[in-house]
>>> print(open('query-v7.cif').read())   # mmCIF, C-alpha atoms
data_target
loop_
_atom_site.label_atom_id
_atom_site.label_comp_id
_atom_site.auth_asym_id
_atom_site.auth_seq_id
_atom_site.Cartn_x
_atom_site.Cartn_y
_atom_site.Cartn_z
CA MET A 26 6.07 -21.44 -29.99
CA ALA A 27 8.23 -21.30 -33.09
CA ASP A 28 5.25 -22.16 -35.29
CA ASP A 29 3.13 -19.38 -33.81
CA PRO A 30 2.87 -16.55 -36.38
CA LEU A 31 2.73 -14.04 -33.51
CA SER A 32 5.63 -15.48 -31.52
CA ASP A 33 7.83 -12.48 -32.34
CA PHE A 34 5.11 -9.93 -31.67
CA GLY A 35 6.47 -6.68 -30.25
CA PHE A 36 6.03 -2.92 -30.27
CA CYS A 37 7.63 0.35 -29.32
CA ARG A 38 6.45 1.54 -25.92
CA ASP A 39 6.79 5.20 -26.94
CA CYS A 40 5.05 5.35 -30.33
CA LEU A 41 3.32 1.91 -30.14
CA THR A 42 4.32 0.93 -33.69
CA ASP A 43 4.90 -2.73 -34.55
CA GLN A 44 8.46 -3.97 -33.95
CA SER A 45 8.30 -7.62 -34.97
CA THR A 46 11.79 -7.64 -36.48
CA GLU A 47 14.91 -7.68 -34.33
CA VAL A 48 16.18 -4.09 -34.14
CA ARG A 49 17.74 -2.10 -31.31
CA ARG A 50 15.69 1.04 -31.79
CA CYS A 51 12.25 1.84 -33.06
CA ARG A 52 12.23 2.32 -36.81
CA ALA A 53 9.56 5.01 -36.47
CA CYS A 54 10.70 7.18 -33.55
CA GLY A 55 14.19 5.93 -32.65
CA SER A 56 13.23 4.97 -29.08
CA PRO A 57 15.17 2.11 -27.44
CA ARG A 58 12.12 1.18 -25.36
CA LEU A 59 11.05 -1.82 -27.39
CA LEU A 60 8.97 -4.62 -25.92
CA ARG A 61 9.20 -8.16 -27.30
CA HIS A 62 8.38 -11.50 -25.78
CA PRO A 63 7.32 -14.89 -27.20
CA GLU A 64 4.19 -14.95 -25.02
CA LEU A 65 3.43 -11.25 -25.15
CA HIS A 66 0.12 -11.51 -26.99
CA ARG A 67 -1.15 -14.40 -24.78
CA LEU A 68 -0.67 -12.88 -21.33
CA THR A 69 -3.51 -10.93 -19.73
CA LEU A 70 -2.84 -10.60 -15.97
CA ALA A 71 -1.07 -7.42 -14.97
CA HIS A 72 0.18 -5.61 -11.90
CA ILE A 73 0.39 -1.82 -12.20
CA ASP A 74 2.39 0.20 -9.69
CA CYS A 75 2.80 3.98 -9.67
CA ASP A 76 6.47 5.00 -9.49
CA ALA A 77 7.51 6.66 -6.19
CA PHE A 78 3.90 7.80 -6.04
CA TYR A 79 3.83 10.54 -3.39
CA ALA A 80 7.14 12.02 -4.53
CA SER A 81 6.07 11.90 -8.18
CA VAL A 82 2.89 13.84 -7.41
CA GLU A 83 4.89 16.50 -5.55
CA LYS A 84 7.37 16.82 -8.43
CA ARG A 85 4.50 17.10 -10.88
CA ASP A 86 3.04 19.99 -8.88
CA ASN A 87 6.38 21.74 -8.37
CA PRO A 88 8.68 21.52 -11.43
CA ASP A 89 11.55 23.01 -9.39
CA LEU A 90 11.79 19.65 -7.61
CA VAL A 91 12.21 17.55 -10.76
CA ASP A 92 16.00 17.17 -10.54
CA LYS A 93 16.23 17.21 -6.74
CA PRO A 94 16.13 14.38 -4.17
CA VAL A 95 12.70 14.42 -2.52
CA ILE A 96 11.59 12.53 0.59
CA ILE A 97 7.97 12.36 1.69
CA GLY A 98 7.69 11.92 5.43
CA GLY A 99 6.82 13.34 8.80
CA GLY A 100 9.81 15.53 9.58
CA LYS A 101 13.01 14.71 11.43
CA ARG A 102 11.23 12.54 14.00
CA GLY A 103 9.15 10.59 11.52
CA VAL A 104 9.83 7.92 8.96
CA VAL A 105 10.07 7.94 5.18
CA SER A 106 6.74 7.35 3.46
CA THR A 107 8.40 7.26 0.06
CA ALA A 108 11.38 8.77 -1.72
CA CYS A 109 12.04 9.71 -5.31
CA TYR A 110 14.53 7.67 -7.31
CA ILE A 111 17.25 10.31 -6.95
CA ALA A 112 17.05 9.94 -3.16
CA ARG A 113 16.93 6.15 -3.47
CA VAL A 114 20.29 6.18 -5.24
CA HIS A 115 21.69 7.55 -1.97
CA GLY A 116 20.19 4.66 -0.01
CA VAL A 117 16.92 6.21 1.17
CA ARG A 118 14.13 3.64 1.54
CA SER A 119 10.50 3.59 2.62
CA ALA A 120 9.94 3.13 6.39
CA MET A 121 13.51 4.32 7.13
CA PRO A 122 13.74 6.66 10.14
CA MET A 123 13.97 10.21 8.86
CA PHE A 124 17.22 10.97 10.64
CA LYS A 125 18.89 8.04 8.89
CA ALA A 126 17.46 9.12 5.55
CA LEU A 127 18.89 12.60 5.99
CA GLU A 128 22.23 11.15 6.98
CA ALA A 129 22.23 9.19 3.71
CA CYS A 130 20.98 12.11 1.62
CA PRO A 131 21.53 15.42 3.49
CA ASP A 132 20.51 17.52 0.48
CA ALA A 133 17.08 15.93 0.26
CA ILE A 134 13.98 18.10 0.36
CA VAL A 135 11.53 16.72 2.94
CA ILE A 136 7.82 17.23 2.28
CA LYS A 137 5.03 16.39 4.69
CA PRO A 138 2.54 13.95 3.14
CA ASN A 139 -0.62 15.44 1.64
CA MET A 140 -2.87 12.39 1.72
CA GLU A 141 -5.94 14.21 0.44
CA LYS A 142 -4.06 15.12 -2.73
CA TYR A 143 -2.55 11.65 -3.16
CA VAL A 144 -5.91 9.95 -2.72
CA ALA A 145 -7.42 12.20 -5.40
CA VAL A 146 -4.64 11.34 -7.87
CA GLY A 147 -4.91 7.66 -6.97
CA ARG A 148 -8.61 7.75 -7.79
CA GLN A 149 -7.82 9.26 -11.19
CA VAL A 150 -5.45 6.40 -11.96
CA ARG A 151 -7.96 3.85 -10.65
CA SER A 152 -10.68 5.29 -12.84
CA MET A 153 -8.45 4.90 -15.90
CA MET A 154 -7.76 1.28 -14.91
CA GLN A 155 -11.47 0.56 -14.73
CA GLU A 156 -11.88 1.87 -18.26
CA LEU A 157 -9.62 -0.99 -19.38
CA THR A 158 -11.40 -3.80 -17.52
CA PRO A 159 -13.97 -4.29 -14.76
CA LEU A 160 -11.56 -6.75 -13.10
CA VAL A 161 -9.42 -4.34 -11.07
CA GLN A 162 -8.20 -5.38 -7.62
CA PRO A 163 -6.61 -2.47 -5.72
CA LEU A 164 -3.82 -3.36 -3.31
CA SER A 165 -3.20 0.19 -2.10
CA ILE A 166 -3.68 3.78 -3.19
CA ASP A 167 -1.10 3.40 -5.98
CA GLU A 168 -1.13 -0.22 -7.17
CA ALA A 169 -3.57 -2.84 -8.42
CA PHE A 170 -3.94 -6.14 -10.25
CA LEU A 171 -5.87 -6.16 -13.54
CA GLU A 172 -7.23 -9.06 -15.56
CA LEU A 173 -7.69 -8.10 -19.22
CA LYS A 174 -8.71 -11.46 -20.64
CA GLY A 175 -11.56 -10.96 -23.08
CA THR A 176 -10.96 -7.24 -23.59
CA GLU A 177 -9.10 -7.64 -26.89
CA ARG A 178 -12.18 -6.89 -29.02
CA LEU A 179 -13.14 -3.93 -26.86
CA HIS A 180 -9.75 -2.24 -27.21
CA HIS A 181 -8.81 -3.70 -30.61
CA ALA A 182 -5.47 -4.69 -29.15
CA SER A 183 -3.75 -7.30 -27.03
CA ALA A 184 -3.61 -6.80 -23.27
CA ALA A 185 0.05 -5.80 -23.59
CA LEU A 186 -0.63 -3.05 -26.11
CA THR A 187 -3.63 -1.83 -24.10
CA LEU A 188 -1.44 -1.55 -21.01
CA ALA A 189 1.25 0.34 -22.91
CA ARG A 190 -1.38 2.80 -24.11
CA PHE A 191 -2.59 3.14 -20.53
CA ALA A 192 0.93 3.94 -19.24
CA ARG A 193 1.33 6.65 -21.89
CA ARG A 194 -2.07 8.10 -21.05
CA VAL A 195 -1.29 8.31 -17.33
CA GLU A 196 1.89 10.25 -18.08
CA ALA A 197 0.16 12.59 -20.51
CA GLU A 198 -3.03 13.28 -18.55
CA ILE A 199 -2.03 12.87 -14.89
CA GLY A 200 1.67 13.71 -15.05
CA ILE A 201 3.12 10.73 -13.18
CA SER A 202 4.53 7.42 -14.40
CA VAL A 203 3.64 3.80 -13.75
CA SER A 204 5.42 0.47 -14.11
CA VAL A 205 3.67 -2.57 -15.54
CA GLY A 206 4.25 -6.24 -14.87
CA LEU A 207 2.56 -8.70 -17.24
CA SER A 208 2.39 -12.43 -16.62
CA TYR A 209 0.06 -15.41 -16.29
CA CYS A 210 -0.34 -15.24 -12.48
CA LYS A 211 -0.47 -12.64 -9.72
CA PHE A 212 2.81 -13.60 -8.09
CA LEU A 213 4.92 -13.12 -11.19
CA ALA A 214 2.98 -10.08 -12.43
CA LYS A 215 3.85 -8.28 -9.19
CA VAL A 216 7.46 -9.41 -9.41
CA ALA A 217 7.63 -8.21 -13.01
CA SER A 218 6.33 -4.71 -12.23
CA ASP A 219 9.32 -4.11 -9.97
CA LEU A 220 12.03 -5.23 -12.41
CA GLN A 221 12.60 -2.07 -14.44
CA LYS A 222 11.31 0.83 -12.36
CA PRO A 223 10.63 3.61 -13.09
CA ARG A 224 8.54 3.60 -16.29
CA GLY A 225 9.05 -0.13 -16.58
CA PHE A 226 7.17 -2.76 -18.53
CA SER A 227 8.38 -6.29 -17.85
CA VAL A 228 6.99 -9.64 -18.97
CA ILE A 229 7.43 -13.05 -17.33
CA GLY A 230 5.98 -15.89 -19.39
CA GLU A 231 4.99 -19.35 -18.26
CA ALA A 232 7.69 -21.12 -20.28
CA GLU A 233 10.49 -19.17 -18.58
CA ALA A 234 9.11 -19.07 -15.03
CA LEU A 235 11.19 -21.89 -13.53
CA ASP A 236 14.44 -20.60 -15.01
CA PHE A 237 13.65 -17.02 -14.05
CA LEU A 238 12.98 -17.97 -10.42
CA ARG A 239 15.82 -20.46 -9.97
CA GLU A 240 18.59 -18.06 -8.90
CA LYS A 241 16.36 -15.61 -7.02
CA PRO A 242 16.59 -15.29 -3.21
CA VAL A 243 13.81 -16.87 -1.15
CA THR A 244 12.76 -13.39 -0.03
CA LEU A 245 11.25 -12.88 -3.49
CA ILE A 246 8.38 -15.16 -2.42
CA TRP A 247 5.41 -13.35 -0.95
CA GLY A 248 5.29 -13.88 2.82
CA VAL A 249 9.01 -14.58 3.32
CA GLY A 250 10.16 -11.71 5.50
CA LYS A 251 13.38 -11.29 7.45
CA ALA A 252 12.40 -13.63 10.29
CA PHE A 253 11.26 -16.50 8.07
CA ALA A 254 14.19 -15.98 5.71
CA ALA A 255 16.48 -16.44 8.72
CA THR A 256 14.67 -19.71 9.50
CA LEU A 257 15.19 -20.92 5.94
CA GLU A 258 18.82 -19.80 6.08
CA ARG A 259 19.39 -21.93 9.18
CA ASP A 260 17.98 -24.85 7.20
CA GLY A 261 20.40 -24.12 4.37
CA ILE A 262 17.77 -22.73 2.00
CA ARG A 263 18.75 -19.46 0.34
CA THR A 264 17.45 -19.57 -3.23
CA VAL A 265 14.14 -20.33 -4.89
CA GLY A 266 15.94 -22.97 -6.94
CA GLN A 267 16.63 -24.97 -3.78
CA LEU A 268 12.91 -24.98 -3.03
CA GLN A 269 12.23 -26.24 -6.56
CA THR A 270 14.14 -29.45 -5.75
CA MET A 271 12.14 -30.18 -2.58
CA GLU A 272 8.94 -32.21 -2.19
CA GLU A 273 5.73 -30.51 -1.15
CA GLY A 274 5.20 -32.91 1.75
CA ASP A 275 8.66 -32.23 3.12
CA LEU A 276 8.16 -28.47 2.97
CA MET A 277 4.77 -28.74 4.68
CA ARG A 278 6.17 -30.95 7.46
CA ARG A 279 8.85 -28.34 8.09
CA TYR A 280 6.89 -25.12 7.65
CA GLY A 281 3.18 -25.96 7.73
CA THR A 282 0.90 -24.11 5.32
CA MET A 283 3.77 -21.78 4.47
CA GLY A 284 5.59 -24.82 3.14
CA GLN A 285 2.83 -25.36 0.61
CA ARG A 286 3.13 -21.74 -0.51
CA LEU A 287 6.90 -22.15 -0.89
CA PHE A 288 6.40 -25.25 -3.02
CA ARG A 289 3.86 -23.67 -5.34
CA LEU A 290 5.27 -20.18 -5.78
CA SER A 291 8.82 -21.47 -6.27
CA ARG A 292 7.43 -23.25 -9.33
CA GLY A 293 5.47 -20.25 -10.55
CA ARG A 294 2.12 -21.74 -9.54
CA ASP A 295 -0.40 -19.22 -8.29
CA GLU A 296 -4.11 -19.86 -8.82
CA ARG A 297 -5.35 -16.67 -7.15
CA GLN A 298 -7.78 -14.73 -9.34
CA VAL A 299 -8.18 -10.98 -9.65
CA GLU A 300 -10.98 -10.08 -7.23
CA THR A 301 -12.91 -6.84 -7.39
CA ASN A 302 -14.16 -6.90 -3.79
CA GLY A 303 -10.89 -5.75 -2.25
CA GLU A 304 -12.41 -3.18 0.11
CA ALA A 305 -10.36 -1.61 2.87
CA LYS A 306 -9.86 -3.86 5.88
CA SER A 307 -9.17 -1.04 8.35
CA VAL A 308 -9.28 2.72 8.76
CA SER A 309 -6.57 4.39 10.83
CA SER A 310 -4.58 7.52 11.53
CA GLU A 311 -1.29 8.08 13.35
CA THR A 312 1.20 10.78 14.23
CA THR A 313 4.90 10.91 15.12
CA PHE A 314 5.89 13.34 17.87
CA ASN A 315 8.65 15.95 17.62
CA ASP A 316 9.73 14.87 21.12
CA ASP A 317 9.09 11.58 22.88
CA LEU A 318 6.03 11.62 25.15
CA CYS A 319 5.25 9.50 28.20
CA ASP A 320 2.58 11.46 30.06
CA TYR A 321 -0.96 10.14 29.71
CA ASP A 322 -2.58 13.59 29.42
CA ASP A 323 -0.15 14.63 26.67
CA LEU A 324 -0.88 11.46 24.70
CA VAL A 325 -4.64 11.81 25.08
CA VAL A 326 -4.59 15.16 23.26
CA HIS A 327 -3.26 13.39 20.14
CA LEU A 328 -5.57 10.46 20.65
CA ARG A 329 -8.67 12.66 20.50
CA ARG A 330 -7.56 14.34 17.28
CA LEU A 331 -6.73 11.02 15.63
CA SER A 332 -10.06 9.52 16.72
CA GLU A 333 -11.88 12.39 15.03
CA LYS A 334 -9.90 11.80 11.82
CA VAL A 335 -10.77 8.11 11.82
CA SER A 336 -14.42 8.91 12.48
CA ALA A 337 -14.51 11.38 9.59
CA ARG A 338 -13.01 8.82 7.22
CA LEU A 339 -15.53 6.19 8.30
CA ARG A 340 -18.42 8.56 7.67
CA LYS A 341 -17.01 9.66 4.31
CA SER A 342 -16.58 6.03 3.23
CA GLN A 343 -19.99 5.04 4.63
CA ILE A 344 -18.61 2.17 6.70
CA ALA A 345 -18.33 1.39 10.40
CA GLY A 346 -15.79 -0.57 12.44
CA GLN A 347 -16.21 -2.85 15.43
CA THR A 348 -12.66 -3.34 16.74
CA VAL A 349 -10.63 -0.38 18.02
CA VAL A 350 -6.84 -0.72 17.65
CA LEU A 351 -4.29 1.38 19.53
CA LYS A 352 -0.77 1.61 18.08
CA LEU A 353 2.24 2.86 20.00
CA LYS A 354 5.90 2.98 19.01
CA THR A 355 8.46 3.35 21.77
CA ALA A 356 11.50 5.61 21.67
CA ASP A 357 13.62 2.59 20.69
CA PHE A 358 11.26 1.79 17.77
CA LYS A 359 9.47 -1.17 19.39
CA LEU A 360 5.86 -1.46 18.29
CA ARG A 361 2.91 -2.11 20.59
CA THR A 362 -0.62 -2.78 19.37
CA ARG A 363 -3.64 -3.23 21.60
CA ASN A 364 -7.23 -3.82 20.52
CA ARG A 365 -10.73 -4.14 21.90
CA ARG A 366 -13.85 -5.37 20.14
CA LEU A 367 -17.00 -3.29 20.71
CA ASP A 368 -20.49 -4.66 21.24
CA SER A 369 -21.60 -2.99 18.01
CA PRO A 370 -19.93 -1.21 15.06
CA THR A 371 -19.22 2.50 15.37
CA GLN A 372 -18.56 5.64 13.38
CA LEU A 373 -18.39 7.87 16.45
CA ALA A 374 -15.18 9.59 17.44
CA ASP A 375 -16.47 9.52 21.02
CA ARG A 376 -16.63 5.72 21.19
CA ILE A 377 -13.32 5.27 19.38
CA PHE A 378 -11.68 7.81 21.69
CA HIS A 379 -13.00 6.49 25.01
CA THR A 380 -12.15 2.92 24.07
CA SER A 381 -8.63 3.91 23.05
CA MET A 382 -8.23 5.89 26.30
CA GLN A 383 -8.82 2.69 28.24
CA LEU A 384 -6.27 0.86 26.13
CA LEU A 385 -3.77 3.70 26.56
CA ASP A 386 -4.23 3.78 30.34
CA ARG A 387 -2.54 0.38 30.68
CA GLU A 388 0.46 1.41 28.57
CA THR A 389 1.43 4.71 30.24
CA ASP A 390 3.88 3.38 32.81
CA GLY A 391 6.69 5.84 32.19
CA THR A 392 7.61 4.42 28.79
CA LYS A 393 8.48 7.11 26.28
CA PHE A 394 6.67 6.95 22.95
CA ARG A 395 7.60 8.48 19.60
CA LEU A 396 4.36 7.58 17.76
CA ILE A 397 0.71 6.99 18.52
CA GLY A 398 -2.01 5.76 16.20
CA ILE A 399 -5.63 4.72 16.39
CA GLY A 400 -7.71 2.68 13.98
CA VAL A 401 -10.71 0.44 13.58
CA ASN A 402 -11.11 -2.82 11.72
CA ASP A 403 -13.84 -5.43 11.27
CA LEU A 404 -15.49 -2.97 8.89
CA GLY A 405 -19.12 -3.35 7.95
CA ASP A 406 -22.60 -1.90 7.48
CA PRO A 407 -23.01 1.62 8.95
CA SER A 408 -26.74 1.05 9.42
CA LEU A 409 -25.84 -1.23 12.34
CA ALA A 410 -23.58 1.33 13.98
CA ASP A 411 -24.01 3.07 17.33
CA PRO A 412 -27.33 1.86 18.73
CA PRO A 413 -28.58 3.60 21.93
CA ASP A 414 -26.32 2.85 24.92
CA LEU A 415 -28.45 1.58 27.80
CA VAL A 416 -25.52 1.56 30.24
CA ASP A 417 -23.80 4.90 29.64
CA ARG A 418 -26.57 7.46 30.00
CA ASN A 419 -24.34 10.28 28.77
CA ALA A 420 -23.39 8.47 25.56
CA GLY A 421 -26.48 9.68 23.73
CA ARG A 422 -25.80 13.32 24.64
CA ARG A 423 -22.17 13.01 23.54
CA ALA A 424 -23.27 11.44 20.25
CA ALA A 425 -25.72 14.30 19.64
CA ALA A 426 -23.02 16.85 20.46
CA GLU A 427 -20.63 15.13 18.07
CA ALA A 428 -23.22 15.20 15.29
CA ALA A 429 -23.69 18.93 15.87
CA MET A 430 -19.93 19.53 15.77
CA ASN A 431 -19.66 17.56 12.53
CA GLN A 432 -22.33 19.75 10.95
CA LEU A 433 -20.47 22.90 11.98
CA ARG A 434 -17.16 21.53 10.69
CA ASP A 435 -18.73 20.54 7.38
CA LYS A 436 -20.08 24.05 7.00
CA PHE A 437 -17.30 26.23 8.48
CA GLY A 438 -14.17 24.07 8.37
CA LYS A 439 -12.47 21.44 10.49
CA SER A 440 -11.09 23.90 13.05
CA SER A 441 -14.36 25.78 13.59
CA VAL A 442 -15.13 23.83 16.77
CA GLU A 443 -12.89 21.84 19.10
CA THR A 444 -13.24 19.72 22.22
CA GLY A 445 -11.46 20.41 25.50
CA TYR A 446 -9.07 17.56 24.80
CA THR A 447 -7.69 19.44 21.80
CA PHE A 448 -6.36 22.08 24.19
CA GLY A 449 -4.63 19.64 26.50
CA LYS A 450 -7.47 18.95 28.92
CA GLY A 451 -7.12 15.17 28.88
CA ARG A 452 -7.98 13.50 32.18
CA ARG A 453 -7.29 10.00 33.45
CA GLU A 454 -10.98 9.31 33.96
CA HIS A 455 -13.18 6.86 32.13
#
>>> encode(input="query-v7.cif", output="structure tokens")
Amino acid sequence: MADDPLSDFGFCRDCLTDQSTEVRRCRACGSPRLLRHPELHRLTLAHIDCDAFYASVEKRDNPDLVDKPVIIGGGKRGVVSTACYIARVHGVRSAMPMFKALEACPDAIVIKPNMEKYVAVGRQVRSMMQELTPLVQPLSIDEAFLELKGTERLHHASAALTLARFARRVEAEIGISVSVGLSYCKFLAKVASDLQKPRGFSVIGEAEALDFLREKPVTLIWGVGKAFAATLERDGIRTVGQLQTMEEGDLMRRYGTMGQRLFRLSRGRDERQVETNGEAKSVSSETTFNDDLCDYDDLVVHLRRLSEKVSARLRKSQIAGQTVVLKLKTADFKLRTRNRRLDSPTQLADRIFHTSMQLLDRETDGTKFRLIGIGVNDLGDPSLADPPDLVDRNAGRRAAAEAAMNQLRDKFGKSSVETGYTFGKGRREH
């Protein structure tokens, strides 16, 4: 690397001027945000992650919130969807119960999620990504992998400089910030994007990968959650460096296919490519109650509304799903999921609802629930959805009624027409 004329390549992330010489601040604008790395100009695989996405969008739209701790979530009975970095300093984390978050940060401003707005902003960011390269693999509404190999002539810049321009453009045009991780593989690109949040840009090169990983905890490896980390702990394995000393065969005998992943990722080996066919695998909706519910009829009211939301999203996305999934969370935070595969794909709220009613019937035994959700997976072609039902003679009439209601809602608004279930007329009949 020492003989490479570009080995000291670097630039200022604020004004983008060349910073090949070793200085602490940019000679042009005085910024300390300088980016240098021996492999900077060679690396092309990136992970981009929006910073505290929901909270950042809310702060953008309400400047009075800029210096305040903000939590996005479903009220006192819900959980934290995300929190701004001010709230995170106080210990607030995603998926934390809201009451615990407010104990940690009592001055926080809690805002109910506005998914329609967040999706719209996410699409803006995604569109900008696709202007950089056709190889964009979304992971969620606010993060994606990008492969920029071969785009140097198009953008007249290295991948690193193109990504820095992108980050500046997102801030200027959309009003939120992103963090960038640049590396030679997906695993380390994603790790890198989390190193200097917010507004980060971190690089992990191939030459440094083993040393970088050596002292990290095993939980850094994708797929090692709390349960598996406890298993590794019992076996005396706490750091990635310990895995680097072990043979692949030994790890596979102990942990099966996960052992192979441990062997490879601990050494910075990840052959996965950026794939552009990362469509959604499920469509779902859920709600957390203000008070725990156990009565079947009370739960059905929410189930109908959620089924209609899922149906609307399926129609809007022009997809259909064949497996209905019911999600319940008990008062003591234990999760239950139940599913049933249909004979054919569906977009109909009626089919989703009646199937989920049957699943719910078996769970309402006096247990108190704090959350209910419904979703569909096994997504596919909508042209195959909802053929005539030869068994349920009323299904066709209900489908026609649902189509008529959808037309009215599209024209006059979502609340222009409701079913009896919306007003608490759920019945334990199937």
>>> resolve_selection(input="query-v7.cif", expression="the PyMOL selection byres ((chain A and resi 66-83) around 6)", output="JSON, numbers by chain")
{"A": [64, 65, 84, 85, 86, 109, 167, 168, 169, 170, 171, 172, 173, 174, 183, 184, 201, 202, 203, 204, 205, 206, 207, 208, 209, 214, 215, 223]}
>>> resolve_selection(input="query-v7.cif", expression="the PyMOL selection byres ((chain A and resi 118) around 10)", output="MDAnalysis selection string")
chainID A and resid 96 104:110 112:117 119:123 125:126
>>> resolve_selection(input="query-v7.cif", expression="the PyMOL selection byres ((chain A and resi 364) around 6)", output="list in words")
Val349, Val350, Arg363 and Arg365 of chain A
>>> closest_residue(input="query-v7.cif", among="A:Met153, A:Leu339, A:Leu90, A:Met382", to="Glu198 in chain A", atoms="all atoms listed in the file")
A:Met153
>>> atom_distance(input="query-v7.cif", atom1="CA of Gly405 in chain A", atom2="CA of Gln347 in chain A")
8.0 Å
>>> residues_around(input="query-v7.cif", residues="range 32-48 of chain A", least_positions_apart="6", cutoff="7 Å", atoms="all atoms listed in the file", output="list in words")
Met26, Cys54, Ser56, Arg58, Leu59, Leu60, Arg61, His62, Pro63, Glu64, Leu65 and Ala189 of chain A
>>> closest_residue(input="query-v7.cif", among="A:Pro138, A:Pro412, A:Gly230, A:Gly400", to="Ser309 in chain A", atoms="all atoms listed in the file")
A:Gly400
>>> residues_around(input="query-v7.cif", residues="range 386-389 of chain A", least_positions_apart="4", cutoff="12 Å", atoms="only C-alpha atoms", output="ChimeraX atom specification")
/A:318-325,328,351-355,360-364,379-382,393-394,397,451-455
>>> atom_distance(input="query-v7.cif", atom1="CA of Arg289 in chain A", atom2="CA of Leu268 in chain A")
9.4 Å
>>> closest_residue(input="query-v7.cif", among="A:Leu186, A:Gly293, A:Val135, A:Gly250", to="Asp236 in chain A", atoms="all atoms listed in the file")
A:Gly293
>>> atom_distance(input="query-v7.cif", atom1="CA of Thr187 in chain A", atom2="CA of Asp295 in chain A")
23.7 Å
>>> residues_around(input="query-v7.cif", residues="Lys334 in chain A", least_positions_apart="5", cutoff="12 Å", atoms="all atoms listed in the file", output="list in words")
Val308, Ser309, Ser310, Glu311, Thr312, His327, Leu328, Arg329, Leu339, Arg340, Lys341, Gln372, Leu373, Ala374, Asp375, Ile377, Phe378, Gly398, Ile399, Gly400, Val401, Asn431 and Lys439 of chain A
>>> closest_residue(input="query-v7.cif", among="A:Arg148, A:Arg278, A:Arg286, A:Arg376", to="Gly346 in chain A", atoms="only C-alpha atoms")
A:Arg376
>>> closest_residue(input="query-v7.cif", among="A:Gln269, A:Thr256, A:Pro159, A:Pro407", to="Val299 in chain A", atoms="all atoms listed in the file")
A:Pro159
>>> decode(input="query-v7.cif", residues="range 55-90 of chain A", atoms="C-alpha atoms", output="mmCIF file, in the first residue's frame")
data_model
loop_
_atom_site.group_PDB
_atom_site.id
_atom_site.type_symbol
_atom_site.label_atom_id
_atom_site.label_comp_id
_atom_site.auth_asym_id
_atom_site.auth_seq_id
_atom_site.Cartn_x
_atom_site.Cartn_y
_atom_site.Cartn_z
ATOM 1 C CA GLY A 55 -11.654 24.586 9.037
ATOM 2 C CA SER A 56 -13.892 21.544 9.618
ATOM 3 C CA PRO A 57 -12.497 18.703 11.752
ATOM 4 C CA ARG A 58 -14.570 16.166 9.814
ATOM 5 C CA LEU A 59 -11.771 14.812 7.665
ATOM 6 C CA LEU A 60 -11.898 11.349 6.138
ATOM 7 C CA ARG A 61 -8.701 9.430 5.373
ATOM 8 C CA HIS A 62 -8.026 5.754 4.931
ATOM 9 C CA PRO A 63 -5.414 3.735 3.014
ATOM 10 C CA GLU A 64 -8.122 1.803 1.138
ATOM 11 C CA LEU A 65 -10.595 4.640 0.797
ATOM 12 C CA HIS A 66 -10.496 4.889 -2.995
ATOM 13 C CA ARG A 67 -10.751 1.082 -3.487
ATOM 14 C CA LEU A 68 -13.845 0.323 -1.417
ATOM 15 C CA THR A 69 -17.268 0.379 -3.066
ATOM 16 C CA LEU A 70 -19.769 -1.458 -0.823
ATOM 17 C CA ALA A 71 -21.691 0.780 1.540
ATOM 18 C CA HIS A 72 -24.393 0.630 4.174
ATOM 19 C CA ILE A 73 -26.412 3.822 4.632
ATOM 20 C CA ASP A 74 -28.571 4.300 7.715
ATOM 21 C CA CYS A 75 -30.726 7.331 8.497
ATOM 22 C CA ASP A 76 -30.000 8.727 11.971
ATOM 23 C CA ALA A 77 -32.861 8.286 14.493
ATOM 24 C CA PHE A 78 -35.099 8.404 11.441
ATOM 25 C CA TYR A 79 -38.617 8.975 12.808
ATOM 26 C CA ALA A 80 -37.419 11.436 15.443
ATOM 27 C CA SER A 81 -35.275 13.294 12.907
ATOM 28 C CA VAL A 82 -38.258 13.754 10.594
ATOM 29 C CA GLU A 83 -40.359 15.127 13.463
ATOM 30 C CA LYS A 84 -37.593 17.546 14.483
ATOM 31 C CA ARG A 85 -37.233 18.673 10.891
ATOM 32 C CA ASP A 86 -40.944 19.477 10.747
ATOM 33 C CA ASN A 87 -41.032 21.187 14.150
ATOM 34 C CA PRO A 88 -37.890 23.256 14.873
ATOM 35 C CA ASP A 89 -39.047 23.768 18.478
ATOM 36 C CA LEU A 90 -38.113 20.122 19.106
#
